[in-house]
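Since the structure comes first, as structure tokens, the remarks are kept for the end.
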Amino acid sequence: VSGILYSKNGAKVARKLLILQLLTFVLLSAAFGFKSLTWTTSGLMGGMAAWLPNVLFTLFAMRQQGQTAVSGRVAWTFAIGEALKVLITIILMIIALGLFKAVFAPLGLAYLSVLMTQILAPAVINSYRT
């Protein structure tokens, strides 16, 4: 999501990517339901820890995109957005593991599935454009 927003048609692609990420961790968490409800909720928390910061970054970047580009401002906006993503992810993981006592395996797998979707989906989306 991070680099896509600054390209042409970036908001549309970012929206598709966010929906795909959401579907990925919701379906994976539903599959964890065969193990237990705790695994399902842990998977949902892991997916949210990766997905929610991406949504917030997207909103932040779209808000900044409408403003006049000043030399170096795009880089600073990107850096601030990425730092916020990391901070929010850490906070969500601490809440999931510390407060809700989430099971690490489904939490980690759902988190990684969202990250892998973030890495692989743009390549797949771009391959269908050409």
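Please note that chains go A, B, ... in the order of the structure tokens, that every chain numbers its residues from 1, and that ligands are numbered from 1 in the order shown.
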As a compact mmCIF listing (two decimals) with C-alpha atoms, in the first residue's frame, please: every residue in chain A that DSSP puts in alpha helix (DSSP H).
```
# COMPACT_ATOMS: atom_id res chain seq x y z
CA GLY A 10 -2.90 4.75 -6.76
CA ALA A 11 -6.00 5.21 -4.63
CA LYS A 12 -7.96 2.68 -6.70
CA VAL A 13 -5.20 0.08 -6.52
CA ALA A 14 -4.67 0.74 -2.81
CA ARG A 15 -8.39 0.21 -2.16
CA LYS A 16 -8.33 -3.12 -4.04
CA LEU A 17 -5.26 -4.19 -2.12
CA LEU A 18 -6.82 -3.32 1.24
CA ILE A 19 -9.95 -5.30 0.37
CA LEU A 20 -7.84 -8.26 -0.70
CA GLN A 21 -5.86 -8.09 2.55
CA LEU A 22 -9.08 -7.95 4.56
CA LEU A 23 -10.49 -10.98 2.76
CA THR A 24 -7.22 -12.85 3.27
CA PHE A 25 -7.13 -12.61 7.04
CA VAL A 26 -10.89 -12.96 7.54
CA LEU A 27 -10.99 -16.19 5.51
CA LEU A 28 -7.85 -17.51 7.21
CA SER A 29 -9.32 -16.69 10.63
CA ALA A 30 -12.54 -18.47 9.66
CA ALA A 31 -10.47 -21.53 8.76
CA PHE A 32 -8.86 -21.32 12.21
CA LEU A 37 -12.81 -19.91 18.72
CA THR A 38 -9.64 -18.69 20.45
CA TRP A 39 -7.65 -19.41 17.30
CA THR A 40 -10.23 -17.53 15.22
CA THR A 41 -10.09 -14.42 17.41
CA SER A 42 -6.30 -14.62 17.57
CA GLY A 43 -6.17 -14.77 13.78
CA LEU A 44 -8.48 -11.79 13.49
CA MET A 45 -6.31 -9.81 15.91
CA GLY A 46 -3.15 -10.69 13.96
CA GLY A 47 -4.74 -9.69 10.68
CA MET A 48 -6.01 -6.44 12.16
CA ALA A 49 -2.53 -5.67 13.50
CA ALA A 50 -1.26 -5.65 9.91
CA TRP A 51 -4.34 -4.40 8.06
CA LEU A 52 -5.51 -1.50 10.24
CA PRO A 53 -2.17 0.37 10.07
CA ASN A 54 -2.30 0.02 6.27
CA VAL A 55 -5.79 1.52 6.21
CA LEU A 56 -4.69 4.42 8.41
CA PHE A 57 -1.57 4.98 6.28
CA THR A 58 -3.73 5.02 3.15
CA LEU A 59 -6.07 7.62 4.64
CA PHE A 60 -3.10 9.68 5.82
CA ALA A 61 -1.40 9.53 2.41
CA MET A 62 -4.58 10.38 0.51
CA ARG A 63 -5.14 13.38 2.77
CA GLN A 64 -1.57 14.58 2.16
CA GLN A 65 -1.76 13.88 -1.57
CA ARG A 73 7.51 16.84 1.57
CA VAL A 74 6.48 13.57 -0.09
CA ALA A 75 9.47 11.80 1.43
CA TRP A 76 8.72 13.18 4.90
CA THR A 77 5.04 12.29 4.60
CA PHE A 78 5.98 8.77 3.58
CA ALA A 79 8.46 8.43 6.46
CA ILE A 80 5.98 9.74 9.02
CA GLY A 81 3.26 7.44 7.68
CA GLU A 82 5.54 4.41 7.85
CA ALA A 83 6.64 5.28 11.39
CA LEU A 84 3.00 5.55 12.45
CA LYS A 85 2.27 2.18 10.84
CA VAL A 86 5.05 0.51 12.84
CA LEU A 87 3.96 2.18 16.08
CA ILE A 88 0.30 1.22 15.63
CA THR A 89 1.29 -2.35 14.73
CA ILE A 90 3.38 -2.66 17.90
CA ILE A 91 0.54 -1.29 20.02
CA LEU A 92 -2.00 -3.66 18.46
CA MET A 93 0.31 -6.66 18.97
CA ILE A 94 0.89 -5.72 22.62
CA PHE A 104 0.72 -16.73 18.91
CA ALA A 105 0.51 -19.21 15.99
CA PRO A 106 -2.76 -17.98 14.41
CA LEU A 107 -1.94 -14.37 15.28
CA GLY A 108 1.43 -14.63 13.54
CA LEU A 109 0.10 -16.55 10.54
CA ALA A 110 -2.70 -14.05 9.92
CA TYR A 111 -0.27 -11.15 10.34
CA LEU A 112 2.15 -12.72 7.86
CA SER A 113 -0.65 -13.52 5.40
CA VAL A 114 -1.58 -9.82 5.24
CA LEU A 115 2.08 -8.88 4.74
CA MET A 116 2.50 -11.47 2.00
CA THR A 117 -0.65 -10.20 0.30
CA GLN A 118 0.78 -6.68 0.49
CA ILE A 119 3.96 -7.87 -1.23
CA LEU A 120 2.50 -10.24 -3.83
CA ALA A 121 -0.83 -8.64 -4.80
CA PRO A 122 0.59 -5.51 -6.51
CA ALA A 123 2.66 -7.72 -8.81
CA VAL A 124 -0.40 -9.79 -9.69
CA ILE A 125 -2.58 -6.69 -10.17
CA ASN A 126 0.08 -5.10 -12.41
CA SER A 127 0.52 -8.28 -14.47
CA TYR A 128 -3.17 -8.19 -15.42
CA ARG A 129 -2.91 -4.55 -16.55
```
